[in-house]
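Asks: Coordinates in my_file-v2.cif, mmCIF, C-alpha atoms, are listed below.
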```
data_target
#
loop_
_atom_site.label_atom_id
_atom_site.label_comp_id
_atom_site.auth_asym_id
_atom_site.auth_seq_id
_atom_site.Cartn_x
_atom_site.Cartn_y
_atom_site.Cartn_z
CA ALA B 463 117.97 116.07 61.05
CA PRO B 464 117.87 116.38 64.87
CA SER B 465 119.40 119.58 66.16
CA MET B 466 121.93 120.00 68.95
CA ASP B 467 119.12 121.45 71.06
CA ASP B 468 117.08 118.30 70.58
CA GLY B 469 120.01 116.23 71.82
CA TRP B 470 120.46 118.30 74.94
CA ARG B 471 116.73 118.27 75.55
CA GLY B 472 116.67 114.48 75.32
CA LEU B 473 119.64 114.21 77.67
CA ALA B 474 117.97 116.53 80.15
CA LEU B 475 114.75 114.52 80.06
CA GLY B 476 116.70 111.31 80.53
CA LEU B 477 118.55 112.72 83.52
CA ALA B 478 115.28 113.98 85.02
CA ALA B 479 113.71 110.55 84.66
CA ALA B 480 116.77 108.90 86.20
CA CYS B 481 116.68 111.33 89.14
CA ALA B 482 112.98 110.69 89.68
CA ALA B 483 113.55 106.95 89.65
CA TYR B 484 116.42 107.30 92.13
CA VAL B 485 114.32 109.44 94.49
CA ALA B 486 111.49 106.87 94.31
CA TRP B 487 113.96 104.05 95.01
CA ARG B 488 115.39 105.92 97.98
CA ARG B 489 111.91 106.48 99.35
CA VAL B 490 111.09 102.78 99.10
CA ARG B 491 114.46 101.87 100.58
CA ARG B 492 113.88 104.20 103.49
CA ARG B 493 110.54 102.68 104.47
CA PRO B 494 110.69 102.00 108.21
CA VAL B 495 110.77 98.60 109.83
CA LEU B 496 107.98 97.83 112.30
CA VAL B 497 108.72 95.62 115.30
CA LEU B 498 105.72 94.23 117.19
CA PHE B 499 105.87 92.41 120.51
CA ASP B 500 103.41 90.19 122.32
CA VAL B 501 103.23 91.21 126.00
CA ASP B 502 102.68 88.33 128.47
CA GLY B 503 105.51 85.81 128.22
CA THR B 504 107.40 87.95 125.70
CA LEU B 505 107.99 91.31 127.39
CA THR B 506 106.83 90.34 130.87
CA VAL B 507 106.14 87.39 133.09
CA PRO B 508 102.36 86.96 132.57
CA ALA B 509 100.36 89.47 134.65
CA GLN B 510 103.57 91.01 136.06
CA LYS B 511 105.31 94.31 135.37
CA ALA B 512 108.02 94.30 132.72
CA PRO B 513 111.65 94.55 133.85
CA ASP B 514 113.19 98.02 133.51
CA GLU B 515 115.48 96.59 130.82
CA ILE B 516 112.46 95.85 128.62
CA VAL B 517 111.07 99.38 128.95
CA ARG B 518 114.50 100.80 128.07
CA MET B 519 114.86 98.43 125.11
CA LEU B 520 111.52 99.52 123.64
CA ALA B 521 112.55 103.17 123.95
CA ALA B 522 116.00 102.54 122.45
CA LEU B 523 114.61 100.57 119.51
CA ARG B 524 112.01 103.24 118.82
CA ALA B 525 114.72 105.95 118.90
CA LYS B 526 116.76 104.06 116.32
CA PRO B 527 116.38 105.71 112.87
CA GLY B 528 114.07 103.77 110.59
CA TYR B 529 112.27 101.74 113.26
CA ARG B 530 108.73 101.81 114.64
CA VAL B 531 107.66 99.83 117.71
CA GLY B 532 104.35 98.45 118.93
CA ILE B 533 102.72 95.79 121.07
CA VAL B 534 99.94 93.35 120.24
CA GLY B 535 98.57 91.40 123.18
CA ALA B 536 95.36 89.74 124.32
CA GLY B 537 95.16 91.79 127.52
CA ASP B 538 93.18 94.99 127.88
CA PHE B 539 94.78 98.42 127.55
CA GLU B 540 94.86 99.31 131.25
CA LYS B 541 96.60 96.04 132.09
CA GLN B 542 99.19 96.53 129.34
CA GLN B 543 99.87 100.11 130.38
CA GLY B 544 100.39 99.00 133.97
CA GLN B 545 102.83 96.33 132.84
CA LEU B 546 104.88 98.54 130.52
CA GLY B 547 105.89 101.59 132.50
CA GLY B 548 102.58 103.07 133.62
CA PRO B 549 100.66 106.12 132.34
CA GLY B 550 101.62 107.55 128.98
CA LEU B 551 102.07 104.26 127.13
CA LEU B 552 100.49 105.68 123.97
CA THR B 553 103.20 108.35 123.83
CA ARG B 554 105.98 105.77 124.22
CA LEU B 555 104.96 103.42 121.40
CA ASP B 556 103.94 103.87 117.78
CA TYR B 557 101.18 101.25 118.02
CA VAL B 558 99.28 99.72 120.91
CA PHE B 559 97.12 96.80 119.83
CA SER B 560 95.19 95.75 122.93
CA GLU B 561 92.89 92.71 122.90
CA ASN B 562 94.57 91.47 119.70
CA GLY B 563 94.18 94.86 118.04
CA VAL B 564 90.39 95.06 118.34
CA HIS B 565 91.13 97.98 120.68
CA ALA B 566 93.76 99.70 118.57
CA PHE B 567 95.80 102.90 118.80
CA ARG B 568 98.34 104.53 116.53
CA GLY B 569 100.15 106.86 118.87
CA GLU B 570 97.36 108.56 120.82
CA GLN B 571 94.82 108.15 118.00
CA LEU B 572 92.10 105.55 118.59
CA LEU B 573 91.77 103.39 115.47
CA HIS B 574 89.19 100.79 116.47
CA CYS B 575 87.11 99.48 119.37
CA LYS B 576 84.19 97.04 119.27
CA SER B 577 82.87 94.68 121.96
CA ILE B 578 82.34 90.96 121.55
CA VAL B 579 78.75 91.38 122.82
CA ASP B 580 77.95 93.94 120.13
CA HIS B 581 79.45 91.60 117.54
CA ILE B 582 77.54 88.40 118.37
CA GLY B 583 74.45 90.01 119.91
CA ALA B 584 73.14 90.10 123.49
CA GLU B 585 71.03 86.93 123.15
CA ARG B 586 73.89 84.76 121.90
CA TRP B 587 76.22 86.27 124.50
CA ALA B 588 73.81 85.24 127.28
CA GLU B 589 73.68 81.72 125.83
CA PHE B 590 77.47 81.64 125.66
CA GLU B 591 77.79 82.75 129.30
CA ALA B 592 75.38 80.04 130.41
CA GLY B 593 77.25 77.42 128.36
CA VAL B 594 80.61 78.41 129.84
CA ASP B 595 79.18 78.24 133.37
CA GLU B 596 77.82 74.75 132.71
CA LEU B 597 81.09 73.53 131.20
CA LEU B 598 83.21 74.91 134.05
CA ALA B 599 80.89 73.31 136.59
CA ARG B 600 81.52 69.92 134.97
CA VAL B 601 85.32 70.26 135.17
CA ARG B 602 85.30 71.87 138.62
CA THR B 603 86.69 68.79 140.38
CA ASP B 604 89.65 68.55 137.98
CA ALA B 605 90.24 72.31 138.19
CA ALA B 606 90.20 72.20 141.98
CA ALA B 607 92.80 69.42 141.98
CA LEU B 608 95.11 71.45 139.71
CA LEU B 609 94.60 74.53 141.87
CA ARG B 610 95.70 72.60 144.98
CA GLU B 611 98.66 71.14 143.12
CA ALA B 612 99.79 74.61 142.06
CA THR B 613 99.04 76.63 145.20
CA GLY B 614 98.84 74.26 148.17
CA PRO B 615 96.52 71.69 149.77
CA ASP B 616 94.33 74.31 151.46
CA ALA B 617 93.36 76.11 148.25
CA ALA B 618 89.58 76.19 147.69
CA ILE B 619 88.18 76.83 144.23
CA GLY B 620 84.93 77.96 145.87
CA ALA B 621 86.79 80.98 147.24
CA ARG B 622 87.78 82.12 143.75
CA GLY B 623 86.00 84.23 141.11
CA THR B 624 86.18 85.75 137.61
CA PHE B 625 85.99 82.51 135.67
CA LEU B 626 84.75 84.44 132.62
CA GLU B 627 86.42 87.82 132.27
CA ARG B 628 84.71 90.13 129.80
CA ARG B 629 87.18 92.68 128.50
CA MET B 630 86.40 95.77 126.45
CA CYS B 631 86.43 93.82 123.18
CA THR B 632 87.15 90.14 123.88
CA CYS B 633 86.93 87.73 126.83
CA ASN B 634 89.01 85.18 128.72
CA ILE B 635 87.95 81.93 130.35
CA CYS B 636 89.84 80.64 133.39
CA VAL B 637 89.08 77.20 134.81
CA ILE B 638 90.43 78.18 138.26
CA GLY B 639 89.24 81.79 138.32
CA ARG B 640 91.38 84.90 137.94
CA THR B 641 90.69 86.35 141.40
CA PRO B 642 92.18 86.60 143.96
CA THR B 643 95.33 87.12 141.90
CA LEU B 644 97.78 84.23 141.99
CA SER B 645 101.45 84.86 142.69
CA LYS B 646 104.04 84.62 139.95
CA SER B 647 105.19 81.21 141.19
CA GLU B 648 101.61 79.91 141.56
CA ARG B 649 100.74 80.86 137.97
CA ALA B 650 103.88 79.16 136.70
CA ALA B 651 103.11 76.04 138.75
CA PHE B 652 99.56 75.91 137.40
CA GLU B 653 100.80 76.17 133.82
CA VAL B 654 103.13 73.20 134.37
CA ALA B 655 100.41 71.13 136.06
CA ASP B 656 97.85 71.99 133.39
CA ARG B 657 100.26 71.12 130.59
CA ALA B 658 100.60 67.64 132.07
CA ALA B 659 96.88 67.22 132.79
CA GLY B 660 95.60 68.84 129.58
CA LEU B 661 92.61 70.44 131.27
CA ARG B 662 92.64 73.71 129.36
CA ALA B 663 93.13 71.82 126.11
CA ARG B 664 90.07 69.65 126.83
CA VAL B 665 87.95 72.65 127.76
CA LEU B 666 89.12 74.46 124.63
CA ASP B 667 88.10 71.51 122.43
CA GLU B 668 84.59 71.50 123.89
CA LEU B 669 84.28 75.27 123.55
CA VAL B 670 85.19 74.98 119.87
CA GLU B 671 82.61 72.22 119.37
CA ARG B 672 79.80 74.22 121.02
CA PHE B 673 80.66 77.82 120.10
CA GLY B 674 83.42 77.64 117.47
CA PRO B 675 83.83 78.80 113.88
CA ASP B 676 81.37 76.25 112.45
CA THR B 677 78.55 77.27 114.82
CA PRO B 678 76.22 80.29 114.73
CA TYR B 679 78.39 81.89 117.45
CA GLY B 680 81.49 82.00 115.24
CA LEU B 681 83.98 82.21 118.10
CA ALA B 682 87.66 81.26 118.16
CA PHE B 683 89.56 80.01 121.20
CA ALA B 684 93.26 79.76 122.03
CA ILE B 685 95.39 78.92 125.05
CA GLY B 686 96.50 82.31 126.36
CA GLY B 687 98.94 83.17 129.12
CA GLN B 688 99.52 80.75 131.96
CA ILE B 689 96.00 80.21 133.30
CA GLY B 690 93.45 81.25 130.68
CA ILE B 691 91.76 80.55 127.37
CA ASP B 692 91.35 83.58 125.11
CA CYS B 693 88.05 83.94 123.26
CA ALA B 694 87.13 86.27 120.39
CA PRO B 695 85.06 86.19 117.20
CA VAL B 696 86.71 84.42 114.25
CA GLY B 697 89.18 86.82 112.66
CA TRP B 698 89.79 88.67 115.92
CA ASP B 699 93.07 86.86 116.56
CA LYS B 700 96.31 88.87 116.55
CA THR B 701 96.31 89.14 112.76
CA PHE B 702 93.45 91.63 113.27
CA CYS B 703 96.11 94.30 113.87
CA LEU B 704 97.36 93.94 110.28
CA ARG B 705 94.30 95.71 108.89
CA PHE B 706 95.69 98.92 110.43
CA LEU B 707 99.09 98.44 108.76
CA PRO B 708 98.70 99.10 105.03
CA GLU B 709 100.79 96.88 102.79
CA GLY B 710 103.82 98.76 101.53
CA GLU B 711 104.02 101.15 104.47
CA TYR B 712 106.78 99.14 106.15
CA GLU B 713 109.89 97.50 104.75
CA ALA B 714 109.26 94.56 107.09
CA ILE B 715 107.09 93.68 110.08
CA HIS B 716 108.79 91.63 112.79
CA PHE B 717 106.72 89.90 115.48
CA PHE B 718 108.03 88.44 118.74
CA GLY B 719 105.82 86.00 120.64
CA ASP B 720 106.06 83.11 123.07
CA LYS B 721 102.80 81.23 122.37
CA THR B 722 103.58 80.45 118.74
CA GLN B 723 102.45 76.81 118.39
CA PRO B 724 99.14 75.87 116.71
CA GLY B 725 96.27 76.47 119.15
CA GLN B 726 98.21 79.16 121.02
CA ASN B 727 97.36 82.83 120.71
CA ASP B 728 100.51 84.10 118.97
CA HIS B 729 100.44 81.46 116.24
CA GLU B 730 98.41 83.17 113.51
CA LEU B 731 100.48 86.36 113.52
CA TYR B 732 103.75 84.44 113.94
CA VAL B 733 103.18 82.43 110.73
CA HIS B 734 101.44 85.15 108.70
CA GLU B 735 102.91 85.88 105.28
CA ARG B 736 103.27 89.59 106.13
CA THR B 737 105.37 89.06 109.25
CA ILE B 738 108.80 87.76 110.16
CA GLY B 739 108.10 85.68 113.25
CA HIS B 740 110.47 85.23 116.18
CA ALA B 741 109.63 82.65 118.86
CA VAL B 742 110.90 83.52 122.33
CA THR B 743 110.55 81.96 125.75
CA SER B 744 110.85 84.91 128.16
CA ALA B 745 111.57 88.62 128.47
CA GLU B 746 115.26 87.81 128.84
CA HIS B 747 115.20 85.79 125.61
CA THR B 748 113.44 88.69 123.86
CA LEU B 749 116.16 91.11 124.98
CA GLU B 750 118.80 88.73 123.67
CA ARG B 751 117.14 88.35 120.26
CA VAL B 752 116.55 92.10 119.89
CA ARG B 753 120.22 92.76 120.61
CA GLU B 754 121.22 90.19 117.99
CA LEU B 755 118.86 91.47 115.32
CA PHE B 756 118.72 95.22 115.88
CA GLY B 757 121.68 96.10 118.10
CA CYS B 758 119.54 97.47 120.95
#
```
Please re-express this file's structure in structure tokens.
Replies:
Amino acid sequence: APSMDDGWRGLALGLAAACAAYVAWRRVRRRPVLVLFDVDGTLTVPAQKAPDEIVRMLAALRAKPGYRVGIVGAGDFEKQQGQLGGPGLLTRLDYVFSENGVHAFRGEQLLHCKSIVDHIGAERWAEFEAGVDELLARVRTDAAALLREATGPDAAIGARGTFLERRMCTCNICVIGRTPTLSKSERAAFEVADRAAGLRARVLDELVERFGPDTPYGLAFAIGGQIGIDCAPVGWDKTFCLRFLPEGEYEAIHFFGDKTQPGQNDHELYVHERTIGHAVTSAEHTLERVRELFGC
């Protein structure tokens, strides 16, 4: 017959197992929540510095127990750092995913960096550059008309440059050129005029046909920001950042973006099964939604 000692031993083992299960449950329950933000159009007016309220919100959310904060944008790191408070950005955020996360940091640790040229090869890159130049030359008249509509009758597209901007990892195509820099109001006016005319959409369709996923180049294109078309190898959209976020590490991953419709550069991450997507229209809207959801 079982002894009294056996009974106590069984009870002790049962209690130990229950305690272990409770500790494991608490650990799972205490997994942090990660909140990721697009930059242009979500935290800032595109190409502009973020309002002080945004910088304070990021700091307050990060200081909140159980929360981690990061950004994932198409722009390069130096641009993002300049927009979000200046030097030291890596110390102020848990993750910085520049160029869709192809240039990725966790804190101050570099996680990944690879150039588009290295990925597709120098020969195909040269062919791509030549193809983009030829395509932009064909739409130059339409682009010049939109430029005048947005900036004034004296604007000359011949005085502009940086139609293909090669970043550290990805690139951006701009039918009206990125330099000299347009003012905030001029960029907004171009976006409105282009939406009506559909020029970027037409250029994007031809880029996909000539260099897209079903071609040897294997490139993906998306309307990005107010004046550009983002370009990266297939798979280098904003979901690229998820490979640095192991499943199970976070209780939830929230993502805030403004370009969330199909064909726009926040869409893939916004609808991904691992994220909770929040569509916003401006930095002010982002502040409002963060206050509602997280009390910051």
Asks: Any chance you could work out the residue set of the PyMOL selection byres ((chain B and resi 530-536) around 8) here, as a list in words?
Replies: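 Written out, the selection comes to Pro494, Val495, Leu496, Val497, Leu498, Phe499, Asp500, Val501, Asp502, Leu520, Leu523, Arg524, Gly528, Tyr529, Gly537, Asp538, Leu555, Asp556, Tyr557, Val558, Phe559, Ser560, Glu561, Asn562, Gly563, Gly686, Asp692, Lys700 and Cys703 of chain B.
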Asks: Excluding Ala659 (chain B) and any residue of its chain fewer than 2 positions from it, enumerate the residues within 12 Å of it, using only C-alpha atoms, and give them as a list in words.
Replies: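 Selected residues are Asp604, Ala605, Ala607, Leu608, Leu609, Glu611, Phe652, Glu653, Val654, Ala655, Asp656, Arg657, Leu661, Arg662, Ala663, Arg664 and Val665 of chain B.
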Asks: Please provide as a PyMOL selection string all residues within 6 Å of region 719-734 of chain B, with the sequence filter that same-chain residues fewer than 5 positions apart are discarded (counting only C-alpha atoms).
Replies: chain B and resi 500+503-504+684-686+700-701+739+741-743
Asks: Could you state the separation of CA of Lys646 (chain B) and CA of Asp667 (chain B) in Å, given to one decimal place?
Replies: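 Computed distance, CA of Lys646 (chain B) to CA of Asp667 (chain B), equals 27.1 Å.
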Asks: So how many Å separate CA of Thr641 (chain B) and CA of Asp616 (chain B), to one decimal?
Replies: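 According to the coordinates, CA of Thr641 (chain B) and CA of Asp616 (chain B) are separated by 16.1 Å.
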Asks: Any chance you could resolve the PyMOL selection byres ((chain B and resi 581) around 12) against this file and give the residues as a PyMOL selection string?
Replies: chain B and resi 564+575-580+582-587+631-632+679-681+694-698
Asks: Quote the spacing between CA of Ile691 (chain B) and CA of Thr624 (chain B) in Å to one decimal place.
Replies: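 Taking CA of Ile691 (chain B) as the start and CA of Thr624 (chain B) as the end point, the length is 12.8 Å.
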Asks: Once the PyMOL selection byres ((chain B and resi 637) around 8) has been evaluated on this model, what residues remain selected, and can you format them as a PyMOL selection string?
Replies: chain B and resi 598+601-602+605+625+635-636+638-639+662+689-690
